[in-house]
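Visitor: I'd like to ask you about the structure that follows.
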Amino acid sequence: MQEKQEVMEFPMEFPIKVMGVNDEALLAEMNALAGGHFREFDAARTSTNLSRTGKYMSVTLVVLADSREQLDDFYRRVVAHPLVKVAL
């Protein structure tokens, strides 16, 4: 049986897209979460887009990930946040 080979090479920059209701707190809280979770996180690289109707906001965070486990842990924290509907 072959060992599972990791496709991702760490450390690496990784974009994470978070979607939720259009609320300024979503952006602030995602930047705060990422800042506490990833080294050298730069909130200036975070971008946002609104849905066509303006009801929803997507936040794209670019993080420097050290491991798959670090990314998985961050995703678990993000999807558990009450303002978040989906994270990709």
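Chain labels run A, B, ... following the order of the structure tokens; each chain numbers its residues from 1, and ligands are numbered from 1 in the order shown.
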Taking only chain A into account, list the residues labelled strand (DSSP E or B) by DSSP (computed from the backbone), as an mmCIF file with all heavy atoms, in the first residue's frame.

Guide:
data_model
loop_
_atom_site.group_PDB
_atom_site.id
_atom_site.type_symbol
_atom_site.label_atom_id
_atom_site.label_comp_id
_atom_site.auth_asym_id
_atom_site.auth_seq_id
_atom_site.Cartn_x
_atom_site.Cartn_y
_atom_site.Cartn_z
ATOM 1 N N MET A 12 3.182 27.787 2.738
ATOM 2 C CA MET A 12 2.632 28.283 1.475
ATOM 3 C C MET A 12 1.584 29.353 1.728
ATOM 4 O O MET A 12 0.932 29.361 2.771
ATOM 5 C CB MET A 12 2.012 27.143 0.680
ATOM 6 C CG MET A 12 0.742 26.576 1.299
ATOM 7 S SD MET A 12 -0.036 25.251 0.359
ATOM 8 C CE MET A 12 -0.668 26.140 -1.038
ATOM 9 N N GLU A 13 1.460 30.258 0.766
ATOM 10 C CA GLU A 13 0.369 31.222 0.819
ATOM 11 C C GLU A 13 -0.887 30.506 0.360
ATOM 12 O O GLU A 13 -0.851 29.733 -0.601
ATOM 13 C CB GLU A 13 0.651 32.415 -0.089
ATOM 14 C CG GLU A 13 1.659 33.360 0.489
ATOM 15 C CD GLU A 13 1.707 34.682 -0.257
ATOM 16 O OE1 GLU A 13 1.114 34.808 -1.347
ATOM 17 O OE2 GLU A 13 2.349 35.600 0.264
ATOM 18 N N PHE A 14 -1.985 30.771 1.043
ATOM 19 C CA PHE A 14 -3.220 30.059 0.756
ATOM 20 C C PHE A 14 -4.389 31.023 0.880
ATOM 21 O O PHE A 14 -4.550 31.667 1.919
ATOM 22 C CB PHE A 14 -3.380 28.901 1.750
ATOM 23 C CG PHE A 14 -4.426 27.911 1.353
ATOM 24 C CD1 PHE A 14 -4.139 26.884 0.472
ATOM 25 C CD2 PHE A 14 -5.712 28.009 1.858
ATOM 26 C CE1 PHE A 14 -5.112 25.966 0.117
ATOM 27 C CE2 PHE A 14 -6.690 27.104 1.504
ATOM 28 C CZ PHE A 14 -6.391 26.077 0.624
ATOM 29 N N PRO A 15 -5.218 31.150 -0.171
ATOM 30 C CA PRO A 15 -6.395 32.020 -0.072
ATOM 31 C C PRO A 15 -7.564 31.264 0.564
ATOM 32 O O PRO A 15 -7.815 30.106 0.239
ATOM 33 C CB PRO A 15 -6.696 32.374 -1.525
ATOM 34 C CG PRO A 15 -6.194 31.194 -2.300
ATOM 35 C CD PRO A 15 -5.021 30.646 -1.525
ATOM 36 N N ILE A 16 -8.241 31.923 1.473
ATOM 37 C CA ILE A 16 -9.417 31.341 2.131
ATOM 38 C C ILE A 16 -10.575 32.291 1.906
ATOM 39 O O ILE A 16 -10.488 33.476 2.214
ATOM 40 C CB ILE A 16 -9.169 31.152 3.642
ATOM 41 C CG1 ILE A 16 -8.018 30.185 3.854
ATOM 42 C CG2 ILE A 16 -10.446 30.673 4.337
ATOM 43 C CD1 ILE A 16 -7.534 30.085 5.276
ATOM 44 N N LYS A 17 -11.671 31.774 1.354
ATOM 45 C CA LYS A 17 -12.840 32.601 1.097
ATOM 46 C C LYS A 17 -13.916 32.260 2.124
ATOM 47 O O LYS A 17 -14.265 31.102 2.310
ATOM 48 C CB LYS A 17 -13.384 32.389 -0.307
ATOM 49 C CG LYS A 17 -14.556 33.328 -0.623
ATOM 50 C CD LYS A 17 -14.906 33.325 -2.072
ATOM 51 C CE LYS A 17 -13.905 34.199 -2.765
ATOM 52 N NZ LYS A 17 -14.342 34.716 -4.050
ATOM 53 N N VAL A 18 -14.419 33.302 2.777
ATOM 54 C CA VAL A 18 -15.444 33.167 3.802
ATOM 55 C C VAL A 18 -16.657 33.968 3.346
ATOM 56 O O VAL A 18 -16.512 35.101 2.882
ATOM 57 C CB VAL A 18 -14.928 33.724 5.154
ATOM 58 C CG1 VAL A 18 -15.998 33.636 6.223
ATOM 59 C CG2 VAL A 18 -13.666 32.997 5.581
ATOM 60 N N MET A 19 -17.844 33.380 3.460
ATOM 61 C CA MET A 19 -19.059 34.079 3.054
ATOM 62 C C MET A 19 -20.048 34.136 4.200
ATOM 63 O O MET A 19 -20.199 33.169 4.948
ATOM 64 C CB MET A 19 -19.671 33.389 1.846
ATOM 65 C CG MET A 19 -18.834 33.577 0.599
ATOM 66 S SD MET A 19 -19.297 32.480 -0.734
ATOM 67 C CE MET A 19 -18.206 31.110 -0.419
ATOM 68 N N GLY A 20 -20.689 35.289 4.304
ATOM 69 C CA GLY A 20 -21.692 35.476 5.341
ATOM 70 C C GLY A 20 -22.577 36.657 5.010
ATOM 71 O O GLY A 20 -22.477 37.254 3.937
ATOM 72 N N VAL A 21 -23.435 37.003 5.941
ATOM 73 C CA VAL A 21 -24.307 38.157 5.774
ATOM 74 C C VAL A 21 -23.444 39.412 5.723
ATOM 75 O O VAL A 21 -22.403 39.494 6.382
ATOM 76 C CB VAL A 21 -25.336 38.230 6.927
ATOM 77 C CG1 VAL A 21 -26.176 39.487 6.834
ATOM 78 C CG2 VAL A 21 -26.227 36.998 6.907
ATOM 79 N N SER A 47 -9.498 40.948 0.952
ATOM 80 C CA SER A 47 -10.411 41.649 0.052
ATOM 81 C C SER A 47 -11.841 41.210 0.312
ATOM 82 O O SER A 47 -12.087 40.143 0.885
ATOM 83 C CB SER A 47 -10.040 41.391 -1.414
ATOM 84 O OG SER A 47 -10.129 40.011 -1.719
ATOM 85 N N THR A 48 -12.789 42.052 -0.094
ATOM 86 C CA THR A 48 -14.205 41.745 0.092
ATOM 87 C C THR A 48 -14.965 41.982 -1.206
ATOM 88 O O THR A 48 -14.543 42.775 -2.050
ATOM 89 C CB THR A 48 -14.842 42.624 1.191
ATOM 90 O OG1 THR A 48 -14.734 43.995 0.806
ATOM 91 C CG2 THR A 48 -14.189 42.403 2.540
ATOM 92 N N ASN A 49 -16.065 41.276 -1.340
ATOM 93 C CA ASN A 49 -17.007 41.481 -2.438
ATOM 94 C C ASN A 49 -18.406 41.330 -1.887
ATOM 95 O O ASN A 49 -18.631 40.518 -0.975
ATOM 96 C CB ASN A 49 -16.795 40.448 -3.550
ATOM 97 C CG ASN A 49 -15.593 40.753 -4.403
ATOM 98 O OD1 ASN A 49 -15.458 41.858 -4.924
ATOM 99 N ND2 ASN A 49 -14.704 39.780 -4.536
ATOM 100 N N LEU A 50 -19.330 42.088 -2.436
ATOM 101 C CA LEU A 50 -20.731 41.965 -2.045
ATOM 102 C C LEU A 50 -21.489 41.190 -3.109
ATOM 103 O O LEU A 50 -21.156 41.246 -4.298
ATOM 104 C CB LEU A 50 -21.366 43.347 -1.872
ATOM 105 C CG LEU A 50 -20.812 44.200 -0.739
ATOM 106 C CD1 LEU A 50 -21.514 45.553 -0.719
ATOM 107 C CD2 LEU A 50 -20.950 43.506 0.595
ATOM 108 N N TYR A 56 -25.161 39.681 1.022
ATOM 109 C CA TYR A 56 -24.072 38.829 1.486
ATOM 110 C C TYR A 56 -22.719 39.437 1.126
ATOM 111 O O TYR A 56 -22.589 40.188 0.163
ATOM 112 C CB TYR A 56 -24.179 37.425 0.874
ATOM 113 C CG TYR A 56 -25.435 36.724 1.292
ATOM 114 C CD1 TYR A 56 -26.546 36.695 0.451
ATOM 115 C CD2 TYR A 56 -25.526 36.119 2.532
ATOM 116 C CE1 TYR A 56 -27.722 36.073 0.840
ATOM 117 C CE2 TYR A 56 -26.695 35.488 2.936
ATOM 118 C CZ TYR A 56 -27.789 35.471 2.089
ATOM 119 O OH TYR A 56 -28.937 34.863 2.490
ATOM 120 N N MET A 57 -21.718 39.072 1.920
ATOM 121 C CA MET A 57 -20.349 39.530 1.705
ATOM 122 C C MET A 57 -19.435 38.317 1.661
ATOM 123 O O MET A 57 -19.602 37.374 2.438
ATOM 124 C CB MET A 57 -19.909 40.439 2.859
ATOM 125 C CG MET A 57 -18.444 40.846 2.810
ATOM 126 S SD MET A 57 -17.875 41.657 4.329
ATOM 127 C CE MET A 57 -18.702 43.229 4.164
ATOM 128 N N SER A 58 -18.466 38.366 0.736
ATOM 129 C CA SER A 58 -17.396 37.360 0.769
ATOM 130 C C SER A 58 -16.117 38.071 1.184
ATOM 131 O O SER A 58 -15.861 39.209 0.785
ATOM 132 C CB SER A 58 -17.228 36.670 -0.585
ATOM 133 O OG SER A 58 -16.699 37.557 -1.537
ATOM 134 N N VAL A 59 -15.346 37.404 2.012
ATOM 135 C CA VAL A 59 -14.078 37.919 2.504
ATOM 136 C C VAL A 59 -13.013 36.916 2.071
ATOM 137 O O VAL A 59 -13.122 35.729 2.372
ATOM 138 C CB VAL A 59 -14.081 38.051 4.049
ATOM 139 C CG1 VAL A 59 -12.729 38.521 4.548
ATOM 140 C CG2 VAL A 59 -15.189 38.978 4.513
ATOM 141 N N THR A 60 -12.004 37.389 1.343
ATOM 142 C CA THR A 60 -10.903 36.524 0.932
ATOM 143 C C THR A 60 -9.666 36.914 1.724
ATOM 144 O O THR A 60 -9.203 38.049 1.648
ATOM 145 C CB THR A 60 -10.629 36.627 -0.576
ATOM 146 O OG1 THR A 60 -11.826 36.287 -1.288
ATOM 147 C CG2 THR A 60 -9.510 35.687 -0.992
ATOM 148 N N LEU A 61 -9.180 35.961 2.513
ATOM 149 C CA LEU A 61 -7.992 36.139 3.344
ATOM 150 C C LEU A 61 -6.843 35.386 2.691
ATOM 151 O O LEU A 61 -7.018 34.240 2.274
ATOM 152 C CB LEU A 61 -8.225 35.552 4.737
ATOM 153 C CG LEU A 61 -9.470 36.023 5.472
ATOM 154 C CD1 LEU A 61 -10.041 34.907 6.322
ATOM 155 C CD2 LEU A 61 -9.143 37.221 6.313
ATOM 156 N N VAL A 62 -5.689 36.005 2.587
ATOM 157 C CA VAL A 62 -4.499 35.311 2.087
ATOM 158 C C VAL A 62 -3.604 35.075 3.300
ATOM 159 O O VAL A 62 -3.167 36.021 3.947
ATOM 160 C CB VAL A 62 -3.766 36.131 1.009
ATOM 161 C CG1 VAL A 62 -2.522 35.386 0.538
ATOM 162 C CG2 VAL A 62 -4.694 36.424 -0.163
ATOM 163 N N VAL A 63 -3.386 33.795 3.602
ATOM 164 C CA VAL A 63 -2.628 33.447 4.810
ATOM 165 C C VAL A 63 -1.363 32.692 4.439
ATOM 166 O O VAL A 63 -1.268 32.095 3.368
ATOM 167 C CB VAL A 63 -3.488 32.601 5.777
ATOM 168 C CG1 VAL A 63 -4.741 33.345 6.187
ATOM 169 C CG2 VAL A 63 -3.851 31.255 5.173
ATOM 170 N N LEU A 64 -0.400 32.721 5.324
ATOM 171 C CA LEU A 64 0.819 31.927 5.178
ATOM 172 C C LEU A 64 0.662 30.724 6.098
ATOM 173 O O LEU A 64 0.779 30.836 7.323
ATOM 174 C CB LEU A 64 2.058 32.746 5.557
ATOM 175 C CG LEU A 64 3.391 32.021 5.442
ATOM 176 C CD1 LEU A 64 3.626 31.557 4.000
ATOM 177 C CD2 LEU A 64 4.523 32.914 5.900
ATOM 178 N N ALA A 65 0.346 29.596 5.503
ATOM 179 C CA ALA A 65 0.079 28.378 6.273
ATOM 180 C C ALA A 65 1.344 27.545 6.426
ATOM 181 O O ALA A 65 2.093 27.359 5.469
ATOM 182 C CB ALA A 65 -1.006 27.555 5.580
ATOM 183 N N VAL A 84 -20.641 33.426 9.855
ATOM 184 C CA VAL A 84 -20.181 32.718 8.664
ATOM 185 C C VAL A 84 -21.225 31.709 8.181
ATOM 186 O O VAL A 84 -21.748 30.920 8.961
ATOM 187 C CB VAL A 84 -18.833 32.007 8.928
ATOM 188 C CG1 VAL A 84 -18.414 31.149 7.743
ATOM 189 C CG2 VAL A 84 -17.763 33.038 9.256
ATOM 190 N N LYS A 85 -21.499 31.768 6.873
ATOM 191 C CA LYS A 85 -22.405 30.782 6.254
ATOM 192 C C LYS A 85 -21.614 29.656 5.576
ATOM 193 O O LYS A 85 -21.989 28.507 5.665
ATOM 194 C CB LYS A 85 -23.294 31.448 5.194
ATOM 195 C CG LYS A 85 -24.171 32.567 5.723
ATOM 196 C CD LYS A 85 -25.229 32.034 6.638
ATOM 197 C CE LYS A 85 -26.149 33.169 7.070
ATOM 198 N NZ LYS A 85 -26.988 32.796 8.179
ATOM 199 N N VAL A 86 -20.497 30.028 4.882
ATOM 200 C CA VAL A 86 -19.704 29.061 4.133
ATOM 201 C C VAL A 86 -18.243 29.505 4.142
ATOM 202 O O VAL A 86 -17.971 30.709 4.118
ATOM 203 C CB VAL A 86 -20.178 28.988 2.664
ATOM 204 C CG1 VAL A 86 -19.302 28.053 1.831
ATOM 205 C CG2 VAL A 86 -21.617 28.572 2.549
ATOM 206 N N ALA A 87 -17.330 28.535 4.146
ATOM 207 C CA ALA A 87 -15.908 28.836 3.984
ATOM 208 C C ALA A 87 -15.339 27.885 2.937
ATOM 209 O O ALA A 87 -15.631 26.693 2.954
ATOM 210 C CB ALA A 87 -15.155 28.684 5.303
#

Visitor: Among chain A, which residues carry a DSSP assignment of helix (DSSP H, G or I), reported as a list in words?

Guide: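 The residues of chain A classed as helix (DSSP H, G or I) are Glu24, Ala25, Leu26, Leu27, Ala28, Glu29, Met30, Asn31, Ala32, Leu33, Ala34, Gly35, Gly36, His37, Ala43, Ala44, Arg45, Arg68, Glu69, Gln70, Leu71, Asp72, Asp73, Phe74, Tyr75, Arg76, Arg77, Val78 and Val79 of chain A.
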
Visitor: If you keep C-alpha atoms, can you produce a file of those selected residues as a PDB file, in the first residue's frame?

Guide:
ATOM      1  CA  GLU A  24     -18.788  44.978   8.853  1.00  0.00           C
ATOM      2  CA  ALA A  25     -18.122  42.751  11.858  1.00  0.00           C
ATOM      3  CA  LEU A  26     -17.545  39.781   9.510  1.00  0.00           C
ATOM      4  CA  LEU A  27     -14.479  41.422   7.972  1.00  0.00           C
ATOM      5  CA  ALA A  28     -13.089  42.594  11.315  1.00  0.00           C
ATOM      6  CA  GLU A  29     -13.612  39.255  13.030  1.00  0.00           C
ATOM      7  CA  MET A  30     -12.120  37.178  10.186  1.00  0.00           C
ATOM      8  CA  ASN A  31      -9.034  39.421  10.126  1.00  0.00           C
ATOM      9  CA  ALA A  32      -8.725  39.080  13.920  1.00  0.00           C
ATOM     10  CA  LEU A  33      -9.078  35.279  13.748  1.00  0.00           C
ATOM     11  CA  ALA A  34      -6.499  34.991  10.973  1.00  0.00           C
ATOM     12  CA  GLY A  35      -4.131  37.382  12.750  1.00  0.00           C
ATOM     13  CA  GLY A  36      -4.176  35.199  15.840  1.00  0.00           C
ATOM     14  CA  HIS A  37      -3.806  31.977  13.906  1.00  0.00           C
ATOM     15  CA  ALA A  43      -4.903  42.235   6.798  1.00  0.00           C
ATOM     16  CA  ALA A  44      -4.089  44.662   3.966  1.00  0.00           C
ATOM     17  CA  ARG A  45      -4.194  41.667   1.599  1.00  0.00           C
ATOM     18  CA  ARG A  68      -2.406  21.188   6.642  1.00  0.00           C
ATOM     19  CA  GLU A  69      -3.366  20.796  10.301  1.00  0.00           C
ATOM     20  CA  GLN A  70      -3.080  24.559  10.812  1.00  0.00           C
ATOM     21  CA  LEU A  71      -5.408  25.188   7.851  1.00  0.00           C
ATOM     22  CA  ASP A  72      -7.890  22.551   9.033  1.00  0.00           C
ATOM     23  CA  ASP A  73      -7.948  24.052  12.534  1.00  0.00           C
ATOM     24  CA  PHE A  74      -8.572  27.530  11.114  1.00  0.00           C
ATOM     25  CA  TYR A  75     -11.416  26.264   8.887  1.00  0.00           C
ATOM     26  CA  ARG A  76     -13.075  24.617  11.911  1.00  0.00           C
ATOM     27  CA  ARG A  77     -12.902  27.903  13.848  1.00  0.00           C
ATOM     28  CA  VAL A  78     -14.238  29.915  10.905  1.00  0.00           C
ATOM     29  CA  VAL A  79     -17.229  27.701  10.101  1.00  0.00           C
TER      30      VAL A  79
END

Visitor: Quick one: distance from CA of Ser67 in chain A to CA of Asp42 in chain A in Å, one decimal?

Guide: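 One can read the CA of Ser67 in chain A to CA of Asp42 in chain A distance as 18.2 Å.
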
Visitor: Work out how far CA of Phe41 in chain A is from CA of Gly54 in chain A, in Å to one decimal.

Guide: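 Spanning CA of Gly54 in chain A to CA of Phe41 in chain A is a straight-line distance of 27.4 Å.
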
Visitor: Mind checking which residues fall within 7 Å of Lys55 in chain A, counting only C-alpha atoms, ignoring those fewer than 2 positions away in the same chain, and posting them as number ranges by chain?

Guide: A: 21-22, 51, 53

Visitor: Could you please take those selected residues and save N, CA, C and O atoms as an mmCIF file, in the first residue's frame?

Guide:
data_model
loop_
_atom_site.group_PDB
_atom_site.id
_atom_site.type_symbol
_atom_site.label_atom_id
_atom_site.label_comp_id
_atom_site.auth_asym_id
_atom_site.auth_seq_id
_atom_site.Cartn_x
_atom_site.Cartn_y
_atom_site.Cartn_z
ATOM 1 N N VAL A 21 -23.435 37.003 5.941
ATOM 2 C CA VAL A 21 -24.307 38.157 5.774
ATOM 3 C C VAL A 21 -23.444 39.412 5.723
ATOM 4 O O VAL A 21 -22.403 39.494 6.382
ATOM 5 N N ASN A 22 -23.841 40.393 4.924
ATOM 6 C CA ASN A 22 -23.095 41.646 4.796
ATOM 7 C C ASN A 22 -23.130 42.397 6.120
ATOM 8 O O ASN A 22 -24.119 43.034 6.464
ATOM 9 N N SER A 51 -22.535 40.511 -2.676
ATOM 10 C CA SER A 51 -23.400 39.820 -3.622
ATOM 11 C C SER A 51 -24.139 40.857 -4.473
ATOM 12 O O SER A 51 -24.144 42.057 -4.156
ATOM 13 N N THR A 53 -27.189 41.547 -4.711
ATOM 14 C CA THR A 53 -28.228 42.249 -3.954
ATOM 15 C C THR A 53 -27.667 43.021 -2.767
ATOM 16 O O THR A 53 -28.375 43.820 -2.156
#
